[in-house]
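One structure is given here, and the rest of the page talks about it.
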Amino acid sequence: MNIIYSSLLSVALSLYTLSMVAGFVHLFRPSPKALPWTIKSIQVGFIFHLLAFLWRCGQAQTLTVSNLHESLSFFALLLALAFLLVSRKNPVPTLGTFTAPLLVIFTLWALVIPHTITPQPPILKSFWLPLHVLLSFAGNAFLALGCGGAVMYLIQEHLIKKKKIKGIFHKLPALQRLDELNYLCLRLGFPLLTLGIISGSVWASFAWGAHWSWDPKETWSLITWLLFAALLHGRMNSGWRGRKASLLTIVGFVAIMFTFLGVNLLLSGLHSYAH
Amino acid sequence: MHILTLGLNHQTAAVETRERLAFKAEDLPAALQQLKEEADLSEGLILSTCNRVELYGISQDLDQCREKMINFLARYHQLPADSFADKLYFHADSEAIRHGFRVSSSLDSMVVGEPQILGQLKDAFFIASESCCTGLVLNRFMHRSFFIAKEVRTRTKIASCAVSVSFAAVELAKKIFGDLKGMKVMLLGAGEMCELAARHFVNQGIEQVLVTNRTLSRAQELADEFSGIALPFDKFRQHLDQVDIILSSTGSPDYLIGPPELSQALKKRRNRPIFLIDIAVPRDIDPKVNDLDNIYLYDVDDLQETVTENLDQRQQEAQRAEAMVDLEVTKFEQWIASLAVTPTIKELREQVRKISEQELNKTLGSFPDLNSKDRRRIEAMVNAIGNKFLHHPINYLKSQDQCGESVPATTIRKIFHLNENEDE
């Protein structure tokens, strides 16, 4: 039973890896054929990943989004989805090149840790769990994508400022496009993140009797939320953009990763994954 | 049958000679007819651009071709032949094919890799074929040359980078703003360099051009050309926040724009980027402004450097392109060879002879007691059938050969399956 799940997930991982390789070949070599492969591989990889997820949900008779393996895999799944949605709305060439490495890291990580289906602790058996996780992770996925765009912005900006008009300068998109991408991801990701935190708080009031209990995960998600709130505010009211916005997005992404993983692996609290 | 080309280009002749020999597009149909008659060509094409004038033609024999084509040029333009004859190059057969392919692939252009020539060649071909001056060989020659041009463009990086300062500036602006539609440009100084660069920007869909100059009337003149607005020189700083691109080429000895002005402008435009191109020497814009966020400053040396690098790259890519052209020339020559009528006739006879022999051997083998007289009769009959069968096709081929039309050779080769490994 497990072998089917692992195989599906491995195929998804291979396709994400293919996408990453194609992306870097396109970036550093004169090969016009590599670029379409980055997006196509993520498309097909996403389908396999989704099948793996659904298979596991079917096996466990519930939405499997609770332990570390499931969280990593689910986050990668949503990141791939966010990438495909954004690419459809606002295609930014080479964004795939900067997204695929994240997909590879998270899917690979999910695959190498134990992933047998464990019975869920009764406290997690609630309709709120998938809602809370879906909203928060979807928000994180868009913001992670924005971070990919921010890294691209900083590289391209550096090349233009330092007058290095060769090599990947020609491959990376225009600064304006990258800034628009960053703003788009923020406008999609921030409301989702907000709803994720609110849904968590509502659920907490049912499950634990309090909306907010300053558990490390809660504290850190508040910090993350404030960072992105500041960025959104700055963008809307103070003309923050470009380099400044990109740097803040990257800081915000680090905070997301710490909230998502660092808190669980380093600190202990109510949100700890069942090990 | 021979492919010929005769002409001159920017390397062999100065612009004065080139313009005297140029053809107007509307005169081409008549000129083509005259060329065909006077130079005794079965097909003809004239390519006339600001950098080259070239005649292409198909002729049955090489003798006197060069002279006839020169005489045509001289008579058409009413010039003495010796006033330009030494500037001309003349190529025949494989060299003419190679020349045509190199021209279409822009390997023979003034700036290697610039794509305009392909469009010009297509126009020339369109006019020639509309005037019924091209036939089987030139049609295919032109189509192959368009094909190789496309191959060279897509498979080498020959045309991927800007090679003029103005183009480099446009390319950079595109990497900053994405789309230049709706952008506003300010020209500081109304000099020629500024005007040239501005023209490139306007072609990209710039929304508005502001011009300022110490003499307002000159600014107004240039502004009118771009349907823009002229600004008095002492007022231009108040408009810095409204423009996305600033092109500067004044004769001012001091910096006209420095960090304070731009910081202020940025604040007013909520940090939307400004791209400054300083082509003045001495410079008009304080290089320190490049340290400001969302300000990008390039001076003429920065742009020149990218251009030089790109040109080097083009030279390297051009060598790869030459190899691709070589291969294509060989292929085309093979096709030309397959057109020739004499070998076709020979092969046709040979094929019939082989078939007759095979069938005879088969049939005679089953009549072992046939006497030699009857044998010879049967053999004669089979040969007669073969020859009579071939009589009309061969006569037809021979008659066509004299007119220089070789369509039937290829058709007959196809019908009779002669050399099946033929190209395509």
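If you're wondering about the labels, chains in the structure tokens are A, B, ... by order shown, residues count from 1 in each chain, ligands from 1 in order shown.
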
Interface, chain B side, toward chain A (12 Å; only C-alpha atoms) as a ChimeraX atom specification: /B:153-158,160-162,168-169,171-180,266-276,287-299,301-310,313,317

Which of region 177-273 of chain B DSSP labels helix (DSSP H, G or I), written as a short mmCIF file (atom, residue, chain, number, x, y, z; two decimals) with C-alpha atoms, in the first residue's frame:
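Dumped to part_15.cif:
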data_model
loop_
_atom_site.label_atom_id
_atom_site.label_comp_id
_atom_site.auth_asym_id
_atom_site.auth_seq_id
_atom_site.Cartn_x
_atom_site.Cartn_y
_atom_site.Cartn_z
CA PHE B 177 10.47 48.71 -17.15
CA GLU B 192 21.89 64.55 -32.91
CA MET B 193 22.84 61.72 -30.57
CA CYS B 194 19.85 62.46 -28.37
CA GLU B 195 17.56 62.60 -31.35
CA LEU B 196 18.79 59.25 -32.68
CA ALA B 197 18.40 57.52 -29.33
CA ALA B 198 14.99 59.13 -28.80
CA ARG B 199 13.85 57.79 -32.15
CA HIS B 200 14.62 54.25 -31.01
CA PHE B 201 12.62 54.82 -27.84
CA VAL B 202 9.68 56.34 -29.68
CA ASN B 203 9.57 53.24 -31.89
CA LEU B 216 14.15 76.88 -26.62
CA SER B 217 13.43 77.15 -30.35
CA ARG B 218 15.64 74.14 -31.08
CA ALA B 219 13.90 72.23 -28.30
CA GLN B 220 10.57 73.16 -29.85
CA GLU B 221 11.74 71.93 -33.26
CA LEU B 222 12.73 68.55 -31.90
CA ALA B 223 9.63 68.30 -29.71
CA ASP B 224 7.46 68.90 -32.78
CA GLU B 225 9.14 66.00 -34.52
CA PHE B 233 15.92 75.01 -19.81
CA ASP B 234 15.62 76.56 -16.34
CA LYS B 235 12.37 74.69 -15.65
CA PHE B 236 13.25 71.12 -16.57
CA ARG B 237 14.12 70.09 -13.01
CA GLN B 238 10.50 70.63 -11.96
CA HIS B 239 9.46 67.90 -14.38
CA LEU B 240 11.98 65.24 -13.38
CA ASP B 241 9.37 63.34 -11.37
CA GLN B 242 7.10 62.95 -14.42
CA PRO B 259 21.42 63.10 -6.16
CA PRO B 260 19.34 65.83 -4.43
CA GLU B 261 17.16 66.53 -7.46
CA LEU B 262 16.58 62.86 -8.11
CA SER B 263 15.83 62.00 -4.47
CA GLN B 264 13.16 64.65 -4.55
CA ALA B 265 11.76 63.40 -7.84
CA LEU B 266 11.70 59.82 -6.52
CA LYS B 267 9.74 60.88 -3.48
CA LYS B 268 7.15 62.59 -5.67
#

Within 10 Å of Gln78 (chain B), counting only C-alpha atoms, which residues show up once you throw out same-chain ones fewer than 5 positions away? Write them as an mmCIF file with C-alpha atoms, in the first residue's frame, please.
data_model
loop_
_atom_site.group_PDB
_atom_site.id
_atom_site.type_symbol
_atom_site.label_atom_id
_atom_site.label_comp_id
_atom_site.auth_asym_id
_atom_site.auth_seq_id
_atom_site.Cartn_x
_atom_site.Cartn_y
_atom_site.Cartn_z
ATOM 1 C CA ARG B 20 23.931 55.812 -58.112
ATOM 2 C CA LEU B 21 23.359 52.123 -58.819
ATOM 3 C CA ASN B 71 26.320 46.456 -69.358
ATOM 4 C CA PHE B 72 22.776 46.174 -68.109
ATOM 5 C CA LEU B 73 23.667 48.182 -64.987
#

Excluding region 98-112 of chain A and its own-chain neighbours fewer than 4 positions away, which residues fall within 7 Å of it when counting only C-alpha atoms? Please give them as a PyMOL selection string. chain A and resi 13+16-17+19-20+69+72-73+76+94+145+148

Long-range neighbours of region 189-206 of chain A as a PDB file with C-alpha atoms, in the first residue's frame, 8 Å cut-off, only C-alpha atoms, 4 positions minimum in chain:
ATOM      1  CA  TRP A 128     -11.003  23.112  11.450  1.00  0.00           C
ATOM      2  CA  LEU A 129      -7.666  21.340  11.015  1.00  0.00           C
ATOM      3  CA  LEU A 131      -9.190  24.561   6.921  1.00  0.00           C
ATOM      4  CA  HIS A 132      -6.553  26.103   9.158  1.00  0.00           C
ATOM      5  CA  VAL A 133      -3.707  24.241   7.473  1.00  0.00           C
ATOM      6  CA  LEU A 134      -4.997  24.874   3.955  1.00  0.00           C
ATOM      7  CA  LEU A 135      -5.360  28.629   4.465  1.00  0.00           C
ATOM      8  CA  SER A 136      -2.037  29.094   6.267  1.00  0.00           C
ATOM      9  CA  PHE A 137      -0.084  26.925   3.858  1.00  0.00           C
ATOM     10  CA  ALA A 138      -1.668  28.496   0.793  1.00  0.00           C
ATOM     11  CA  GLY A 139      -0.715  31.908   2.171  1.00  0.00           C
ATOM     12  CA  ASN A 140       2.813  30.675   2.847  1.00  0.00           C
ATOM     13  CA  ALA A 141       3.047  29.178  -0.632  1.00  0.00           C
ATOM     14  CA  PHE A 142       2.228  32.476  -2.357  1.00  0.00           C
ATOM     15  CA  LEU A 143       4.610  34.348  -0.094  1.00  0.00           C
ATOM     16  CA  CYS A 185       2.065  37.255  -4.374  1.00  0.00           C
ATOM     17  CA  ALA A 210      -8.655  30.159  24.461  1.00  0.00           C
ATOM     18  CA  HIS A 211      -8.231  32.153  21.244  1.00  0.00           C
ATOM     19  CA  TRP A 212      -4.592  32.822  21.804  1.00  0.00           C
ATOM     20  CA  SER A 221       3.157  33.501  13.172  1.00  0.00           C
ATOM     21  CA  TRP A 225       2.120  38.398   9.965  1.00  0.00           C
ATOM     22  CA  PHE A 228       4.083  41.144   5.848  1.00  0.00           C
ATOM     23  CA  ALA A 229       1.505  43.604   7.172  1.00  0.00           C
TER      24      ALA A 229
END

Go through region 49-207 of chain B and collect every residue that DSSP, computed from the backbone, puts in strand (DSSP E); the answer should be as a PyMOL selection string. chain B and resi 52-59+89-92+184-188

Keeping C-alpha atoms for every residue in the selection just given, could you write it to a file as a CSV table (one decimal), in the first residue's frame?
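File part-v1.csv, as written:
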chain,number,residue,atom,x,y,z
B,52,ARG,CA,24.0,46.7,-51.4
B,53,VAL,CA,22.9,46.4,-55.0
B,54,GLU,CA,22.9,42.8,-56.3
B,55,LEU,CA,21.6,41.1,-59.3
B,56,TYR,CA,20.8,37.4,-59.1
B,57,GLY,CA,20.2,35.3,-62.2
B,58,ILE,CA,20.1,31.9,-63.8
B,59,SER,CA,21.9,31.5,-67.1
B,89,TYR,CA,32.0,41.2,-57.3
B,90,PHE,CA,30.8,38.4,-59.5
B,91,HIS,CA,30.1,34.9,-58.2
B,92,ALA,CA,28.9,31.8,-60.1
B,184,LYS,CA,7.7,59.3,-20.7
B,185,VAL,CA,11.1,60.3,-22.0
B,186,MET,CA,12.9,63.6,-21.3
B,187,LEU,CA,15.6,64.8,-23.7
B,188,LEU,CA,18.2,67.1,-22.2

Quick one: everything within 10 Å of Asn51 (chain B), counting only C-alpha atoms, minus sequence neighbours fewer than 4 positions away in the same chain. Send it as a list in words. Leu8, Asn9, His10, Gln11, Ala13, Ala14, Val15, Arg18, Glu19, Ala22, Ser109, Met110 and Ile117 of chain B

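Across the model, the gap from CA of His391 (chain B) to CA of Asp374 (chain B) is 25.5 Å.
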